[in-house]
>>> print(open('structure.txt').read())   # compact mmCIF, C-alpha atoms
# COMPACT_ATOMS: atom_id res chain seq x y z
CA MET A 21 -38.88 -27.57 9.51
CA ILE A 22 -42.36 -28.68 8.41
CA LEU A 23 -42.66 -30.52 11.74
CA SER A 24 -41.82 -27.32 13.63
CA GLY A 25 -44.57 -25.64 11.65
CA VAL A 26 -47.04 -28.40 12.50
CA LEU A 27 -46.14 -28.04 16.17
CA ALA A 28 -46.55 -24.25 16.02
CA GLY A 29 -49.84 -24.59 14.16
CA LEU A 30 -51.14 -27.18 16.62
CA MET A 31 -50.41 -24.90 19.57
CA SER A 32 -51.95 -22.00 17.68
CA GLY A 33 -55.15 -23.87 16.80
CA LEU A 34 -55.40 -25.49 20.23
CA LEU A 35 -54.88 -22.41 22.32
CA GLY A 36 -55.72 -19.53 20.04
CA VAL A 37 -52.24 -18.02 20.35
CA GLY A 38 -50.09 -16.95 17.44
CA GLY A 39 -47.55 -19.44 16.16
CA GLY A 40 -44.64 -17.04 16.51
CA ILE A 41 -44.11 -17.59 20.22
CA VAL A 42 -43.50 -21.29 19.41
CA MET A 43 -41.69 -20.90 16.08
CA VAL A 44 -39.01 -18.49 17.30
CA PRO A 45 -37.50 -20.84 19.94
CA LEU A 46 -37.81 -23.79 17.52
CA LEU A 47 -35.99 -21.82 14.82
CA VAL A 48 -33.25 -20.89 17.29
CA TYR A 49 -32.74 -24.32 18.89
CA ALA A 50 -33.84 -26.78 16.17
CA ALA A 51 -32.90 -24.87 13.00
CA HIS A 52 -29.98 -22.95 14.58
CA LEU A 53 -30.96 -19.56 13.17
CA ASP A 54 -29.68 -16.49 14.98
CA GLN A 55 -32.26 -14.50 16.95
CA HIS A 56 -32.79 -11.82 14.27
CA HIS A 57 -33.32 -14.31 11.45
CA ALA A 58 -35.62 -16.38 13.69
CA HIS A 59 -37.89 -13.39 14.41
CA ALA A 60 -38.06 -12.30 10.75
CA THR A 61 -38.59 -15.83 9.45
CA SER A 62 -41.28 -16.60 12.02
CA LEU A 63 -43.10 -13.42 10.99
CA ALA A 64 -43.08 -14.53 7.33
CA ALA A 65 -44.60 -17.90 8.29
CA VAL A 66 -47.21 -16.11 10.40
CA ILE A 67 -48.58 -14.48 7.21
CA GLY A 68 -49.61 -17.87 5.80
CA ILE A 69 -50.99 -19.23 9.07
CA GLY A 70 -52.92 -15.98 9.70
CA LEU A 71 -54.37 -15.98 6.19
CA VAL A 72 -55.69 -19.54 6.41
CA GLY A 73 -56.97 -18.93 9.94
CA ALA A 74 -58.75 -15.70 8.95
CA ILE A 75 -60.42 -17.46 5.99
CA THR A 76 -61.51 -20.38 8.23
CA PHE A 77 -63.06 -18.03 10.81
CA GLY A 78 -64.43 -15.79 8.03
CA ILE A 79 -66.42 -18.66 6.51
CA ASP A 80 -68.20 -18.98 9.88
CA GLY A 81 -68.82 -15.22 9.93
CA LYS A 82 -66.43 -14.87 12.88
CA VAL A 83 -64.42 -11.92 11.51
CA ASP A 84 -65.29 -8.26 12.10
CA VAL A 85 -63.72 -6.57 9.08
CA GLU A 86 -64.34 -3.01 10.34
CA VAL A 87 -62.63 -3.63 13.68
CA ALA A 88 -59.80 -5.46 11.88
CA ALA A 89 -59.34 -2.43 9.61
CA LEU A 90 -59.06 -0.08 12.62
CA LEU A 91 -56.49 -2.30 14.35
CA ALA A 92 -54.56 -2.79 11.09
CA LEU A 93 -54.53 0.99 10.51
CA GLY A 94 -52.54 1.29 13.74
CA SER A 95 -50.46 -1.85 13.31
CA LEU A 96 -49.24 -0.77 9.86
CA VAL A 97 -47.89 2.40 11.50
CA GLY A 98 -46.27 0.44 14.36
CA ALA A 99 -44.71 -2.39 12.34
CA PRO A 100 -41.89 -0.41 10.64
CA PHE A 101 -40.86 1.00 14.03
CA GLY A 102 -40.86 -2.48 15.56
CA ALA A 103 -38.74 -3.73 12.68
CA ARG A 104 -36.28 -0.87 13.04
CA ALA A 105 -36.03 -1.54 16.78
CA MET A 106 -35.25 -5.22 16.13
CA HIS A 107 -32.47 -4.29 13.68
CA ARG A 108 -30.86 -2.08 16.32
CA ILE A 109 -30.99 -4.51 19.25
CA PRO A 110 -27.93 -6.81 19.46
CA GLU A 111 -28.30 -10.61 19.48
CA ASN A 112 -28.06 -11.28 23.22
CA PRO A 113 -30.41 -8.58 24.54
CA LEU A 114 -32.91 -9.65 21.85
CA LYS A 115 -32.64 -13.26 23.07
CA ILE A 116 -33.22 -12.15 26.67
CA ALA A 117 -36.18 -9.93 25.66
CA PHE A 118 -37.84 -12.80 23.80
CA GLY A 119 -37.25 -15.14 26.72
CA CYS A 120 -38.96 -12.62 29.02
CA LEU A 121 -41.84 -12.31 26.54
CA MET A 122 -42.32 -16.11 26.61
CA ILE A 123 -42.51 -16.12 30.40
CA VAL A 124 -45.00 -13.22 30.37
CA VAL A 125 -47.10 -15.15 27.82
CA ALA A 126 -46.99 -18.22 30.07
CA GLY A 127 -48.24 -16.03 32.93
CA ILE A 128 -51.11 -14.67 30.80
CA LEU A 129 -52.06 -18.24 29.78
CA LEU A 130 -52.15 -19.50 33.36
CA TRP A 131 -53.95 -16.41 34.60
CA THR A 132 -56.77 -16.35 32.01
CA MET B 28 -69.22 -4.79 17.17
CA ASP B 29 -70.53 -1.22 17.16
CA LEU B 30 -67.72 1.01 18.34
CA SER B 31 -68.07 4.55 19.67
CA LEU B 32 -65.57 7.10 18.37
CA PRO B 33 -63.30 6.93 21.47
CA LEU B 34 -63.21 3.13 21.24
CA ALA B 35 -62.45 3.30 17.51
CA ILE B 36 -59.55 5.68 18.22
CA GLY B 37 -58.47 3.36 21.04
CA ALA B 38 -58.45 0.42 18.62
CA VAL B 39 -56.16 2.30 16.20
CA ALA B 40 -53.83 3.28 19.07
CA PHE B 41 -53.75 -0.30 20.35
CA GLY B 42 -53.01 -1.42 16.78
CA ILE B 43 -49.81 0.67 16.82
CA VAL B 44 -48.60 -1.30 19.87
CA VAL B 45 -49.55 -4.59 18.19
CA GLY B 46 -47.58 -3.63 15.06
CA LEU B 47 -44.52 -2.73 17.16
CA LEU B 48 -44.57 -5.99 19.13
CA SER B 49 -45.26 -8.07 16.02
CA ALA B 50 -42.33 -6.78 13.97
CA LEU B 51 -39.99 -6.64 16.97
CA PHE B 52 -40.62 -10.21 18.15
CA GLY B 53 -41.74 -12.01 14.96
CA ILE B 54 -45.11 -12.89 16.44
CA GLY B 55 -48.63 -12.31 15.14
CA GLY B 56 -49.81 -10.41 18.17
CA GLY B 57 -53.00 -12.43 18.63
CA LEU B 58 -52.12 -12.98 22.26
CA VAL B 59 -52.57 -9.28 23.06
CA MET B 60 -55.25 -8.56 20.47
CA VAL B 61 -57.72 -11.30 21.47
CA PRO B 62 -57.99 -10.15 25.13
CA PHE B 63 -58.24 -6.52 23.94
CA ILE B 64 -61.14 -7.32 21.59
CA VAL B 65 -62.93 -9.44 24.22
CA LEU B 66 -62.43 -7.18 27.24
CA VAL B 67 -62.38 -3.67 25.75
CA LEU B 68 -64.37 -3.93 22.51
CA GLU B 69 -66.67 -6.60 23.98
CA GLY B 70 -66.54 -9.04 21.09
CA ASP B 71 -67.08 -12.76 21.73
CA GLN B 72 -64.09 -15.12 21.91
CA HIS B 73 -64.41 -16.60 18.41
CA LEU B 74 -65.07 -13.23 16.76
CA ALA B 75 -61.98 -11.92 18.58
CA GLU B 76 -59.81 -14.80 17.33
CA GLY B 77 -61.05 -14.46 13.73
CA THR B 78 -60.66 -10.68 13.68
CA SER B 79 -57.20 -10.88 15.23
CA LEU B 80 -56.10 -13.42 12.58
CA LEU B 81 -57.20 -11.02 9.84
CA VAL B 82 -55.20 -8.14 11.39
CA ILE B 83 -52.12 -10.37 11.62
CA VAL B 84 -51.87 -10.75 7.83
CA PRO B 85 -51.19 -7.11 6.76
CA THR B 86 -49.22 -6.47 9.97
CA ALA B 87 -46.87 -9.40 9.34
CA ILE B 88 -46.50 -8.44 5.66
CA ALA B 89 -45.40 -4.92 6.69
CA GLY B 90 -42.91 -6.33 9.20
CA VAL B 91 -41.52 -8.89 6.75
CA ILE B 92 -40.97 -6.23 4.06
CA ALA B 93 -38.85 -4.23 6.53
CA HIS B 94 -36.92 -7.33 7.69
CA ALA B 95 -36.38 -8.66 4.16
CA ARG B 96 -34.65 -5.39 3.18
CA ARG B 97 -32.02 -6.25 5.78
CA GLY B 98 -31.81 -9.85 4.54
CA TYR B 99 -33.17 -11.34 7.75
CA VAL B 100 -35.95 -13.47 6.23
CA ASP B 101 -35.21 -17.12 5.40
CA PHE B 102 -38.06 -17.54 2.90
CA ARG B 103 -37.48 -21.24 2.33
CA ALA B 104 -37.71 -22.02 6.06
CA ALA B 105 -40.73 -19.69 6.36
CA GLY B 106 -42.52 -21.50 3.52
CA LEU B 107 -41.94 -24.91 5.11
CA LEU B 108 -43.06 -23.60 8.50
CA ALA B 109 -46.22 -22.11 7.00
CA VAL B 110 -47.10 -25.36 5.21
CA GLY B 111 -46.74 -27.31 8.45
CA GLY B 112 -48.42 -24.55 10.42
CA VAL B 113 -51.53 -24.51 8.27
CA PHE B 114 -52.11 -28.27 8.68
CA GLY B 115 -51.25 -28.05 12.38
CA ALA B 116 -53.60 -25.15 12.99
CA TYR B 117 -56.48 -27.00 11.37
CA ALA B 118 -55.80 -30.17 13.38
CA GLY B 119 -55.31 -28.12 16.54
CA ALA B 120 -58.66 -26.38 16.17
CA ARG B 121 -60.36 -29.78 15.73
CA ILE B 122 -58.62 -31.30 18.76
CA ALA B 123 -59.35 -28.20 20.88
CA LEU B 124 -63.08 -28.85 20.57
CA ALA B 125 -62.69 -32.36 21.98
CA THR B 126 -60.17 -31.94 24.81
CA GLU B 127 -59.66 -30.39 28.22
CA GLN B 128 -58.35 -26.86 27.66
CA GLU B 129 -56.89 -26.31 31.11
CA ALA B 130 -54.41 -29.19 31.00
CA LEU B 131 -53.26 -28.05 27.56
CA GLN B 132 -52.75 -24.48 28.72
CA THR B 133 -50.69 -25.61 31.70
CA ALA B 134 -48.53 -27.86 29.49
CA PHE B 135 -48.01 -25.05 27.01
CA ALA B 136 -47.18 -22.57 29.78
CA ILE B 137 -44.52 -24.97 31.11
CA PHE B 138 -43.03 -25.26 27.60
CA LEU B 139 -42.87 -21.44 27.37
CA VAL B 140 -41.23 -21.02 30.78
CA VAL B 141 -38.59 -23.68 30.06
CA MET B 142 -37.73 -22.35 26.59
CA GLY B 143 -37.90 -18.72 27.78
CA ALA B 144 -35.54 -19.42 30.66
CA ARG B 145 -33.16 -21.15 28.25
CA LEU B 146 -33.11 -18.13 25.91
CA ILE B 147 -32.47 -15.75 28.82
CA ARG B 148 -29.65 -17.97 30.12
CA ASP B 149 -28.04 -18.23 26.66
CA GLY B 150 -28.39 -14.49 26.16
CA TYR B 151 -26.41 -13.86 29.34
CA ARG B 152 -23.95 -16.71 28.98
CA SER B 153 -22.75 -15.93 25.47
CA ARG B 154 -22.14 -12.34 26.51
CA GLU B 155 -19.18 -13.47 28.63
CA PRO B 156 -15.89 -13.47 26.74
CA SER B 157 -14.93 -16.93 25.52
CA PRO B 158 -11.73 -18.38 27.05
>>> encode(input="structure.txt", output="structure tokens")
Amino acid sequence: MILSGVLAGLMSGLLGVGGGIVMVPLLVYAAHLDQHHAHATSLAAVIGIGLVGAITFGIDGKVDVEVAALLALGSLVGAPFGARAMHRIPENPLKIAFGCLMIVVAGILLWT
Amino acid sequence: MDLSLPLAIGAVAFGIVVGLLSALFGIGGGLVMVPFIVLVLEGDQHLAEGTSLLVIVPTAIAGVIAHARRGYVDFRAAGLLAVGGVFGAYAGARIALATEQEALQTAFAIFLVVMGARLIRDGYRSREPSP
């Protein structure tokens, strides 16, 4: 499990993407969690990784707190709806949706 | 970044989408936020990454509270992942400065396509009734 975290963190630090896109498939295929538990558990781990990352960038003055506050104002409204949506979606469609998300992310990575 | 009022409102609206995606998929949302900050709000790449990481913290906390009520959060696994993730992220940032980014991105994209295709296949396969 720690190794999965290291792998997720490595990808995150290397490429500037969130760890979740890596942790979810690892939790499903290496830790054998179901899709709902994998999403929720990945999100909990993201808190710690985000916190340390934000502090690291903050020390270098690379955080705009005002802009972060505006984005967070919106995201705190959106998050409960996202959570409710996840609870309602059955296992298999959720798996397929996440698989599609991964492929879209791959496209964005190759395109940028 | 000095934002005009329409851009500030746009940032809040975009934040709503980030929150939705984050809680739905268990991701931070940095992948959509960083391009938004760079392209729309015109922040530089590092400022965008740092700012996005700060947004991720309260967003993920809000999502986790909602998921934990339903008993979906494996806190022990999350703690282990976070411990590994913190060390990995630090090492990754160091390595990133010294290596070729393009090869890494391609390798990572291949990983995503392979794992994504596997999830889609399993999502369809297990829907069929078992014999």
>>> atom_distance(input="structure.txt", atom1="CA of Leu93 in chain A", atom2="CA of Gly46 in chain B")
9.5 Å
>>> interface_residues(input="structure.txt", of="chain A", to="chain B", cutoff="6 Å", atoms="only C-alpha atoms", output="MDAnalysis selection string")
chainID A and resid 21:22 25:26 28:30 32:34 37:38 40 57 59:65 67:70 74 77 82:84 88 90:92 94:99 102:103 106 112 115:116 119 122:123 126
>>> closest_residue(input="structure.txt", among="A:Ser24, A:Ile75, A:Arg104, A:Gly81", to="Val48 in chain A", atoms="only C-alpha atoms")
A:Ser24
>>> atom_distance(input="structure.txt", atom1="CA of Leu114 in chain A", atom2="CA of Ala58 in chain A")
10.9 Å
>>> atom_distance(input="structure.txt", atom1="CA of Glu111 in chain A", atom2="CA of Val44 in chain A")
13.5 Å
>>> build_atoms(input="structure.txt", residues="range 96-108 of chain A", atoms="N, CA and C atoms", output="PDB file, in the frame of the given file")
ATOM      1  N   LEU A  96     -50.090  -1.071  11.020  1.00  0.00           N
ATOM      2  CA  LEU A  96     -49.240  -0.770   9.860  1.00  0.00           C
ATOM      3  C   LEU A  96     -48.330   0.424  10.150  1.00  0.00           C
ATOM      4  N   VAL A  97     -48.748   1.292  11.074  1.00  0.00           N
ATOM      5  CA  VAL A  97     -47.890   2.400  11.500  1.00  0.00           C
ATOM      6  C   VAL A  97     -46.805   1.859  12.442  1.00  0.00           C
ATOM      7  N   GLY A  98     -47.207   0.944  13.353  1.00  0.00           N
ATOM      8  CA  GLY A  98     -46.270   0.440  14.360  1.00  0.00           C
ATOM      9  C   GLY A  98     -45.228  -0.518  13.813  1.00  0.00           C
ATOM     10  N   ALA A  99     -45.603  -1.319  12.810  1.00  0.00           N
ATOM     11  CA  ALA A  99     -44.710  -2.390  12.340  1.00  0.00           C
ATOM     12  C   ALA A  99     -43.322  -1.905  11.885  1.00  0.00           C
ATOM     13  N   PRO A 100     -43.241  -0.846  11.062  1.00  0.00           N
ATOM     14  CA  PRO A 100     -41.890  -0.410  10.640  1.00  0.00           C
ATOM     15  C   PRO A 100     -41.020   0.019  11.813  1.00  0.00           C
ATOM     16  N   PHE A 101     -41.641   0.606  12.851  1.00  0.00           N
ATOM     17  CA  PHE A 101     -40.860   1.000  14.030  1.00  0.00           C
ATOM     18  C   PHE A 101     -40.374  -0.224  14.798  1.00  0.00           C
ATOM     19  N   GLY A 102     -41.258  -1.234  14.902  1.00  0.00           N
ATOM     20  CA  GLY A 102     -40.860  -2.480  15.560  1.00  0.00           C
ATOM     21  C   GLY A 102     -39.710  -3.138  14.826  1.00  0.00           C
ATOM     22  N   ALA A 103     -39.791  -3.115  13.496  1.00  0.00           N
ATOM     23  CA  ALA A 103     -38.740  -3.730  12.680  1.00  0.00           C
ATOM     24  C   ALA A 103     -37.417  -3.002  12.883  1.00  0.00           C
ATOM     25  N   ARG A 104     -37.490  -1.665  12.865  1.00  0.00           N
ATOM     26  CA  ARG A 104     -36.280  -0.870  13.040  1.00  0.00           C
ATOM     27  C   ARG A 104     -35.651  -1.141  14.420  1.00  0.00           C
ATOM     28  N   ALA A 105     -36.532  -1.252  15.434  1.00  0.00           N
ATOM     29  CA  ALA A 105     -36.030  -1.540  16.780  1.00  0.00           C
ATOM     30  C   ALA A 105     -35.303  -2.877  16.801  1.00  0.00           C
ATOM     31  N   MET A 106     -35.888  -3.902  16.138  1.00  0.00           N
ATOM     32  CA  MET A 106     -35.250  -5.220  16.130  1.00  0.00           C
ATOM     33  C   MET A 106     -33.868  -5.144  15.476  1.00  0.00           C
ATOM     34  N   HIS A 107     -33.754  -4.385  14.375  1.00  0.00           N
ATOM     35  CA  HIS A 107     -32.470  -4.290  13.680  1.00  0.00           C
ATOM     36  C   HIS A 107     -31.395  -3.670  14.551  1.00  0.00           C
ATOM     37  N   ARG A 108     -31.835  -2.803  15.478  1.00  0.00           N
ATOM     38  CA  ARG A 108     -30.860  -2.080  16.320  1.00  0.00           C
ATOM     39  C   ARG A 108     -30.443  -2.866  17.549  1.00  0.00           C
TER      40      ARG A 108
END
